[in-house]
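Below is coords22.txt, holding compact mmCIF, C-alpha atoms.
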```
# COMPACT_ATOMS: atom_id res chain seq x y z
CA MET N 1 -39.15 -14.31 5.02
CA ARG N 2 -38.34 -10.75 4.09
CA GLY N 3 -36.80 -10.54 0.66
CA SER N 4 -36.62 -14.29 0.22
CA ILE N 5 -39.88 -16.20 0.59
CA ALA N 6 -43.55 -15.47 1.04
CA ILE N 7 -45.21 -17.73 3.59
CA GLU N 8 -48.62 -18.80 2.33
CA PRO N 9 -51.56 -20.13 4.38
CA ASP N 10 -50.89 -23.74 3.37
CA ASP N 11 -47.26 -23.33 4.49
CA VAL N 12 -48.44 -22.22 7.93
CA ARG N 13 -50.78 -25.21 8.13
CA ILE N 14 -47.96 -27.59 7.21
CA ILE N 15 -45.66 -26.04 9.82
CA ARG N 16 -48.38 -26.42 12.45
CA ALA N 17 -48.95 -30.03 11.42
CA LEU N 18 -45.23 -30.71 11.76
CA GLN N 19 -45.21 -29.31 15.28
CA ILE N 20 -47.98 -31.70 16.23
CA ALA N 21 -46.59 -34.75 14.41
CA PRO N 22 -43.02 -34.01 13.26
CA ARG N 23 -42.33 -37.52 11.99
CA ALA N 24 -45.70 -38.14 10.34
CA SER N 25 -45.55 -39.23 6.72
CA PHE N 26 -46.34 -36.76 3.97
CA ALA N 27 -49.34 -38.93 3.09
CA SER N 28 -50.91 -38.79 6.55
CA THR N 29 -50.18 -35.07 6.85
CA ALA N 30 -51.79 -34.46 3.48
CA ALA N 31 -54.87 -36.44 4.47
CA ALA N 32 -55.32 -34.37 7.64
CA LEU N 33 -54.88 -31.07 5.77
CA ASP N 34 -56.98 -32.07 2.74
CA LEU N 35 -54.02 -31.49 0.42
CA THR N 36 -52.26 -33.81 -1.99
CA GLU N 37 -49.19 -35.69 -0.82
CA GLY N 38 -47.18 -34.06 -3.60
CA THR N 39 -48.19 -30.59 -2.43
CA VAL N 40 -47.14 -31.26 1.16
CA ARG N 41 -43.85 -32.81 0.05
CA ARG N 42 -43.06 -29.94 -2.34
CA ARG N 43 -43.91 -27.20 0.15
CA TYR N 44 -41.96 -28.88 2.95
CA ARG N 45 -38.87 -29.19 0.79
CA ARG N 46 -39.13 -25.55 -0.25
CA LEU N 47 -39.53 -24.38 3.35
CA HIS N 48 -36.50 -26.46 4.32
CA ALA N 49 -34.38 -25.28 1.39
CA ASP N 50 -35.24 -21.64 2.09
CA GLY N 51 -34.16 -21.91 5.71
CA VAL N 52 -37.64 -21.48 7.19
CA ILE N 53 -37.85 -24.81 9.05
CA ARG N 54 -35.69 -27.74 10.13
CA VAL N 55 -36.86 -30.88 11.92
CA ILE N 56 -34.16 -32.25 14.21
CA GLY N 57 -33.71 -34.55 17.15
CA VAL N 58 -32.53 -32.67 20.26
CA VAL N 59 -30.92 -34.62 23.10
CA ASN N 60 -31.95 -33.78 26.67
CA PRO N 61 -28.83 -34.00 28.86
CA GLY N 62 -31.03 -34.01 31.96
CA ALA N 63 -32.23 -37.50 31.04
CA LEU N 64 -28.58 -38.55 31.10
CA GLY N 65 -28.12 -37.13 34.59
CA GLN N 66 -26.42 -33.88 33.55
CA SER N 67 -27.41 -30.36 34.62
CA ARG N 68 -28.04 -27.55 32.16
CA TRP N 69 -26.69 -24.03 32.43
CA LEU N 70 -27.38 -20.58 31.01
CA VAL N 71 -24.33 -18.37 30.56
CA ARG N 72 -24.04 -14.59 30.09
CA LEU N 73 -20.68 -13.35 28.84
CA ARG N 74 -19.62 -9.69 28.87
CA CYS N 75 -17.01 -9.30 26.17
CA ARG N 76 -14.54 -6.74 24.89
CA PRO N 77 -16.01 -4.53 22.13
CA GLY N 78 -15.46 -6.07 18.72
CA SER N 79 -14.95 -9.59 20.04
CA VAL N 80 -18.53 -10.84 20.46
CA ALA N 81 -18.97 -12.17 16.92
CA ALA N 82 -15.85 -14.33 17.14
CA ILE N 83 -16.74 -15.66 20.59
CA ALA N 84 -20.33 -16.39 19.57
CA GLY N 85 -19.13 -18.15 16.42
CA ALA N 86 -16.72 -20.33 18.39
CA LEU N 87 -19.41 -21.27 20.91
CA ALA N 88 -21.87 -22.10 18.12
CA LYS N 89 -19.46 -24.69 16.72
CA ARG N 90 -19.49 -26.67 19.97
CA ASP N 91 -21.82 -29.66 20.23
CA ASP N 92 -22.35 -28.96 23.94
CA VAL N 93 -23.78 -25.48 23.29
CA ASN N 94 -27.27 -25.56 21.81
CA TRP N 95 -28.14 -21.90 21.41
CA VAL N 96 -26.17 -18.68 21.16
CA ALA N 97 -27.41 -15.08 20.91
CA LEU N 98 -25.85 -11.62 20.75
CA ALA N 99 -27.49 -8.99 22.94
CA ALA N 100 -28.48 -5.63 21.47
CA ALA N 101 -25.84 -3.79 23.49
CA GLY N 102 -23.22 -5.43 21.28
CA SER N 103 -21.00 -6.62 24.10
CA GLU N 104 -22.95 -9.59 25.52
CA VAL N 105 -23.22 -13.20 24.42
CA THR N 106 -25.84 -15.47 25.95
CA CYS N 107 -25.68 -19.23 25.48
CA ALA N 108 -27.07 -22.47 26.89
CA THR N 109 -25.06 -25.61 27.53
CA GLN N 110 -26.12 -29.21 26.96
CA SER N 111 -23.01 -31.07 28.11
CA ARG N 112 -23.22 -34.84 28.01
CA ASP N 113 -20.93 -35.28 31.04
CA GLN N 114 -19.44 -33.28 33.91
CA ALA N 115 -15.95 -33.16 32.41
CA GLN N 116 -17.24 -31.54 29.22
CA ARG N 117 -19.18 -28.94 31.22
CA GLU N 118 -16.22 -28.12 33.47
CA GLU N 119 -13.92 -27.77 30.46
CA LEU N 120 -16.21 -25.10 29.01
CA LEU N 121 -17.32 -23.21 32.13
CA GLY N 122 -14.31 -23.75 34.36
CA GLN N 123 -11.44 -23.59 31.90
CA ARG N 124 -12.13 -22.53 28.32
CA LEU N 125 -14.28 -19.42 28.88
CA PRO N 126 -12.45 -18.01 31.93
CA ARG N 127 -9.15 -18.20 30.04
CA THR N 128 -10.49 -16.37 26.98
CA ALA N 129 -8.89 -12.90 27.07
CA ALA N 130 -11.81 -11.21 25.31
CA VAL N 131 -14.26 -12.40 28.00
CA LEU N 132 -14.49 -9.72 30.71
CA ASP N 133 -17.12 -11.32 32.92
CA ILE N 134 -18.98 -14.65 33.20
CA ASN N 135 -22.28 -15.35 34.93
CA ALA N 136 -23.51 -18.94 34.86
CA PHE N 137 -26.97 -19.96 36.06
CA ALA N 138 -28.08 -23.53 36.69
CA MET N 139 -31.54 -24.42 35.38
CA LEU N 140 -33.61 -25.61 38.34
CA ARG N 141 -37.02 -26.29 36.79
CA GLN N 142 -38.15 -26.07 33.18
CA PHE N 143 -41.69 -24.80 32.60
CA MET N 144 -41.67 -24.47 28.81
CA GLY N 145 -39.36 -25.67 26.07
CA GLY N 146 -38.87 -28.30 23.44
CA ARG N 147 -41.91 -28.72 21.19
CA GLY N 148 -44.16 -27.14 23.80
CA HIS N 149 -43.98 -23.74 22.09
CA TYR N 150 -46.70 -23.27 19.50
CA TRP N 151 -46.22 -19.93 17.78
CA ALA N 152 -49.04 -17.43 18.15
CA ALA N 153 -48.97 -17.13 14.35
CA LEU N 154 -49.97 -20.80 14.15
CA HIS N 155 -52.90 -20.56 16.54
CA GLY N 156 -56.07 -21.68 14.78
CA ALA N 157 -54.21 -22.74 11.64
CA LEU N 158 -55.78 -26.19 11.96
CA SER N 159 -59.16 -27.25 13.27
CA PRO N 160 -59.38 -29.47 16.37
CA GLN N 161 -60.47 -32.30 14.07
CA GLN N 162 -57.39 -31.90 11.90
CA GLU N 163 -55.10 -31.84 14.92
CA ALA N 164 -56.81 -34.98 16.23
CA MET N 165 -56.17 -36.72 12.89
CA LEU N 166 -52.47 -35.95 13.34
CA GLY N 167 -52.51 -37.50 16.79
CA SER N 168 -52.54 -34.38 18.92
CA ASP N 169 -53.39 -34.92 22.57
CA GLY N 170 -52.41 -31.49 23.85
CA PRO N 171 -49.07 -29.70 24.28
CA PRO N 172 -46.26 -32.29 24.24
CA PHE N 173 -44.10 -30.53 26.81
CA THR N 174 -44.95 -30.68 30.49
CA GLU N 175 -43.24 -29.02 33.44
CA SER N 176 -40.48 -31.23 34.72
CA PRO N 177 -37.27 -31.39 36.76
CA VAL N 178 -34.23 -30.49 34.70
CA VAL N 179 -32.21 -33.54 35.82
CA THR N 180 -33.80 -36.95 36.21
CA ASP N 181 -33.04 -39.01 39.32
CA ASP N 182 -32.75 -42.15 37.19
CA PRO N 183 -30.25 -41.37 34.39
CA VAL N 184 -30.45 -43.29 31.13
CA ARG N 185 -27.34 -45.09 29.91
CA LEU N 186 -27.00 -44.88 26.15
CA THR N 187 -25.68 -47.71 24.01
CA GLY N 188 -23.49 -47.25 20.96
CA GLU N 189 -26.54 -47.99 18.83
CA ASP N 190 -28.50 -45.27 20.64
CA GLU N 191 -25.74 -42.74 19.97
CA LYS N 192 -25.84 -43.50 16.25
CA ILE N 193 -29.62 -43.13 16.17
CA LEU N 194 -29.39 -39.80 17.99
CA GLY N 195 -26.65 -38.62 15.63
CA ALA N 196 -28.82 -39.37 12.60
CA LEU N 197 -31.81 -37.62 14.16
CA ALA N 198 -29.69 -34.55 14.92
CA ALA N 199 -29.12 -34.21 11.18
CA ASP N 200 -32.71 -35.03 10.17
CA GLY N 201 -35.49 -35.53 12.67
CA ARG N 202 -37.67 -36.99 9.91
CA ALA N 203 -35.14 -39.64 8.87
CA SER N 204 -36.96 -42.85 8.02
CA LEU N 205 -36.59 -46.00 10.10
CA VAL N 206 -34.68 -47.52 7.19
CA ASP N 207 -32.19 -44.62 7.19
CA LEU N 208 -31.88 -44.74 10.96
CA ALA N 209 -31.25 -48.48 10.79
CA LEU N 210 -28.51 -47.97 8.20
CA ALA N 211 -26.88 -45.32 10.39
CA ALA N 212 -27.05 -47.55 13.48
CA GLY N 213 -26.11 -50.80 11.74
CA SER N 214 -29.38 -52.30 12.91
CA THR N 215 -32.82 -53.22 11.62
CA PRO N 216 -35.85 -50.92 11.16
CA GLY N 217 -37.85 -52.92 13.69
CA ARG N 218 -35.21 -52.69 16.39
CA VAL N 219 -34.60 -48.99 15.67
CA SER N 220 -38.33 -48.34 15.94
CA ARG N 221 -38.42 -49.92 19.39
CA ARG N 222 -35.30 -48.05 20.56
CA LEU N 223 -36.59 -44.74 19.24
CA HIS N 224 -39.92 -45.23 20.97
CA LEU N 225 -38.08 -45.91 24.22
CA LEU N 226 -35.73 -42.91 23.85
CA LEU N 227 -38.68 -40.61 23.17
CA GLY N 228 -40.61 -42.04 26.12
CA GLN N 229 -37.64 -41.57 28.45
CA ARG N 230 -37.31 -38.00 27.17
CA VAL N 231 -33.72 -38.61 26.09
CA VAL N 232 -34.58 -36.92 22.81
CA HIS N 233 -37.45 -34.87 21.42
CA ILE N 234 -38.16 -34.10 17.78
CA ASP N 235 -38.00 -30.34 17.46
CA VAL N 236 -39.41 -28.23 14.62
CA GLU N 237 -37.06 -25.28 14.35
CA ILE N 238 -38.69 -22.24 12.74
CA SER N 239 -37.13 -19.01 11.53
CA PRO N 240 -38.99 -16.37 13.61
CA ALA N 241 -38.77 -13.77 10.83
CA ALA N 242 -40.52 -16.13 8.42
CA LEU N 243 -43.65 -15.91 10.56
CA GLY N 244 -43.35 -12.17 11.08
CA TYR N 245 -41.54 -12.16 14.44
CA HIS N 246 -38.74 -9.59 14.28
CA ALA N 247 -38.30 -8.72 17.98
CA ARG N 248 -36.75 -11.31 20.25
CA ALA N 249 -35.60 -10.79 23.82
CA ASN N 250 -34.14 -12.57 26.80
CA LEU N 251 -36.19 -11.83 29.90
CA TRP N 252 -34.50 -11.98 33.29
CA LEU N 253 -37.06 -11.86 36.11
CA ARG N 254 -36.62 -11.45 39.85
CA VAL N 255 -39.67 -13.00 41.51
CA HIS N 256 -40.61 -13.53 45.14
CA PRO N 257 -39.57 -17.12 45.98
CA SER N 258 -43.12 -18.12 46.91
CA GLU N 259 -44.36 -17.09 43.44
CA VAL N 260 -41.67 -18.61 41.21
CA LYS N 261 -43.72 -21.66 40.26
CA ASN N 262 -46.86 -19.61 39.60
CA VAL N 263 -45.00 -17.07 37.44
CA GLY N 264 -43.18 -19.81 35.53
CA ARG N 265 -46.45 -21.62 34.81
CA SER N 266 -48.18 -18.38 33.81
CA LEU N 267 -45.40 -17.51 31.35
CA ALA N 268 -45.54 -21.03 29.88
CA ARG N 269 -49.13 -20.35 28.79
CA GLU N 270 -48.21 -17.16 26.89
CA PRO N 271 -47.90 -17.74 23.11
CA GLU N 272 -45.03 -15.23 22.87
CA ILE N 273 -42.87 -17.28 25.22
CA ALA N 274 -40.60 -19.86 23.59
CA PHE N 275 -38.78 -20.98 26.72
CA VAL N 276 -39.04 -20.39 30.47
CA ALA N 277 -37.17 -21.91 33.39
CA ALA N 278 -36.41 -21.26 37.05
CA ILE N 279 -32.70 -20.62 37.48
CA SER N 280 -30.11 -19.99 40.17
CA GLY N 281 -28.67 -16.55 40.83
CA ALA N 282 -29.93 -13.01 41.37
CA TYR N 283 -32.63 -13.51 38.72
CA ASN N 284 -34.67 -16.60 39.46
CA ILE N 285 -36.61 -16.92 36.17
CA HIS N 286 -35.31 -16.74 32.63
CA ALA N 287 -37.58 -16.61 29.58
CA VAL N 288 -37.25 -16.04 25.86
CA ALA N 289 -39.92 -13.98 24.11
CA HIS N 290 -40.71 -13.67 20.40
CA CYS N 291 -42.81 -10.68 19.29
CA ARG N 292 -43.61 -9.10 15.94
CA ASP N 293 -41.93 -5.79 16.76
CA PHE N 294 -40.59 -3.81 19.71
CA ASP N 295 -43.93 -2.13 20.33
CA GLU N 296 -45.56 -5.54 20.79
CA LEU N 297 -42.64 -6.57 23.02
CA PHE N 298 -43.19 -3.45 25.13
CA GLU N 299 -46.93 -4.09 25.48
CA PHE N 300 -46.34 -7.75 26.33
CA THR N 301 -43.68 -7.14 28.97
CA SER N 302 -45.30 -4.08 30.57
CA ASP N 303 -48.91 -5.28 30.66
CA ARG N 304 -49.06 -9.06 30.76
CA ILE N 305 -45.74 -9.82 32.45
CA GLY N 306 -45.47 -6.64 34.50
CA GLY N 307 -48.75 -7.39 36.24
CA LEU N 308 -47.85 -10.91 37.39
CA PRO N 309 -48.13 -11.31 41.19
CA GLY N 310 -44.75 -11.60 42.86
CA LEU N 311 -42.73 -9.92 40.12
CA GLN N 312 -40.15 -7.66 41.75
CA SER N 313 -38.05 -6.57 38.75
CA MET N 314 -37.34 -7.54 35.14
CA GLU N 315 -34.55 -6.97 32.66
CA VAL N 316 -35.54 -7.03 28.99
CA SER N 317 -32.47 -7.76 26.85
CA PRO N 318 -33.29 -7.58 23.11
CA VAL N 319 -31.47 -10.06 20.90
CA LEU N 320 -29.39 -8.41 18.21
CA ARG N 321 -28.69 -11.65 16.39
CA HIS N 322 -29.43 -15.31 16.98
CA VAL N 323 -26.36 -17.33 16.01
CA LYS N 324 -27.60 -20.80 16.96
CA GLN N 325 -30.88 -22.26 18.16
CA ALA N 326 -31.43 -25.86 19.28
CA GLY N 327 -28.31 -26.98 17.47
CA THR N 328 -29.12 -25.13 14.24
CA ILE N 329 -26.80 -22.43 12.89
CA LEU N 330 -28.47 -19.30 11.52
CA SER N 331 -27.27 -17.07 8.72
CA GLY N 332 -29.23 -13.86 9.08
CA ASP N 333 -32.82 -15.07 9.38
CA ARG N 334 -32.20 -18.40 7.67
CA LEU N 335 -31.72 -21.78 9.32
CA VAL N 336 -28.71 -23.23 7.53
CA GLY N 337 -28.04 -26.48 9.38
CA PRO N 338 -25.76 -27.93 12.05
CA PRO N 339 -22.22 -26.47 12.45
CA SER N 340 -20.68 -29.09 10.12
CA GLN N 341 -23.05 -28.00 7.33
CA ALA N 342 -22.97 -24.23 7.93
```

When written as structure tokens, how does the structure in this file appear?
Amino acid sequence: MRGSIAIEPDDVRIIRALQIAPRASFASTAAALDLTEGTVRRRYRRLHADGVIRVIGVVNPGALGQSRWLVRLRCRPGSVAAIAGALAKRDDVNWVALAAAGSEVTCATQSRDQAQREELLGQRLPRTAAVLDINAFAMLRQFMGGRGHYWAALHGALSPQQEAMLGSDGPPFTESPVVTDDPVRLTGEDEKILGALAADGRASLVDLALAAGSTPGRVSRRLHLLLGQRVVHIDVEISPAALGYHARANLWLRVHPSEVKNVGRSLAREPEIAFVAAISGAYNIHAVAHCRDFDELFEFTSDRIGGLPGLQSMEVSPVLRHVKQAGTILSGDRLVGPPSQA
């Protein structure tokens, strides 16, 4: 990270290994990377302490039967920082960004129930005097997200044999409906497990059992079930600047209806794309792009996205500052933890 930490080749390999197997032990990771366990442990702790990475459990509200929404807020000049900060403190908002124009806040909701969503979108935001305009878009189909994004900077960091040793069987995220037709009902024990994972996605089974008032064996079975039902995924949050990505942008695409699926799937294969979904509204695809600089962003959007069949128009909205991503608060380019720890 600029002015704070130099990312070395072994750090990149460890980050890549974590993306493939985020809960793997330091010993098994070290064996796959041909490093010592102490080296992996030390480098991981340094990367975590320096705000480069965090491993957290992220709950998928769609598995609980709840829809997800993207929200664009046009705000009075001088008010965006306060509004973004207030949104970032909410558990039902999992990422918040300020647009380069300085008067727009973009966020994504992850409400656990309908009442919580209506309180935010139907009452809280409309009554905020500094909010001039609200546009909310329902996510209709997710093409890329979760751990499915492997940074271009990490491509080739490990050999296929090393990835196989870590248990890789291809990208972990697959295209899926946003809301399941068979919602999962969480128990009190599940909620405690999820709460512990939100703080530390690598928490041991013993620690999870202590948090849930259960046993490691039972927690292991419940966690396996929650992961299989896609109630939670273990996300490796990375500071983009640490890997040399200094230009981020929200992409709002208007695509011919017959080509929405094809464009969404094409974008999901691009290493610069961190997230892409079909949405409601005038724009029918939203994506988030990470590039090294604005020149690379221009080349990417004009050449590789601009030439996609069915694309009718596109708005490129550079991100001035990321305030929160996947439940993690940022301070500058550093990941500093959940709201309670920030």

Check: Using all atoms listed in the file, what residues lie at most 12 Å away from (-30.0, -47.2, 9.0) (file coordinates), given as a ChimeraX atom specification?
Finding: /N:189-190,192-197,203-220

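As for CA of Gln229 (chain N) and CA of Arg112 (chain N), they are spaced 15.9 Å apart.
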
Considering all atoms listed in the file, tabulate each residue of region 189-278 of chain N that lies at most 12 Å from region 27-50 of chain N along with its nearest interatomic pair and the corresponding distance in Å to one decimal; arrange the rows by chain and ascending residue number and present them as CSV.
```
residue,atom,partner,partner_atom,distance
N:Asp200,CA,N:His48,CA,11.0
N:Arg202,CA,N:Tyr44,CA,11.5
N:Val236,CA,N:His48,CA,10.8
N:Glu237,CA,N:His48,CA,10.1
N:Ile238,CA,N:Leu47,CA,9.7
N:Ser239,CA,N:Asp50,CA,10.0
N:Ala242,CA,N:Leu47,CA,9.7
N:Leu243,CA,N:Leu47,CA,11.9
```

Checklist line | Pick from N:Val178, N:Ala282, N:Ala24, N:Ala289 nearest to Val231 (chain N), counting only C-alpha atoms | finding: N:Val178

Next item on the list: For each of N:Ala82, N:Val260, N:Met165, N:Ala152, take the minimum atom-to-atom distance to Ala130 (chain N), counting all atoms listed in the file, then give the residue where this is smallest.
Entry: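 Once distances to Ala130 (chain N) are computed over all atoms listed in the file, the minimum belongs to N:Ala82.
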
Margin query: as a ChimeraX atom specification, please: the residues near Gly332 (chain N) (cut-off 10 Å, only C-alpha atoms, same-chain neighbours under 3 positions excluded).
Written below: /N:239,241,321-323,329,335-336

Next item on the list: Could you tell me how far CA of Arg16 (chain N) lies from CA of Val288 (chain N), in Å and to one decimal?
Entry: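 Going from CA of Arg16 (chain N) over to CA of Val288 (chain N) covers 20.3 Å.
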
Note to self: Between N:Val71, N:Ile56, N:Ile273, N:Ala100, which residue has the minimum interatomic distance to Arg117 (chain N), considering all atoms listed in the file?
What the structure shows: N:Val71
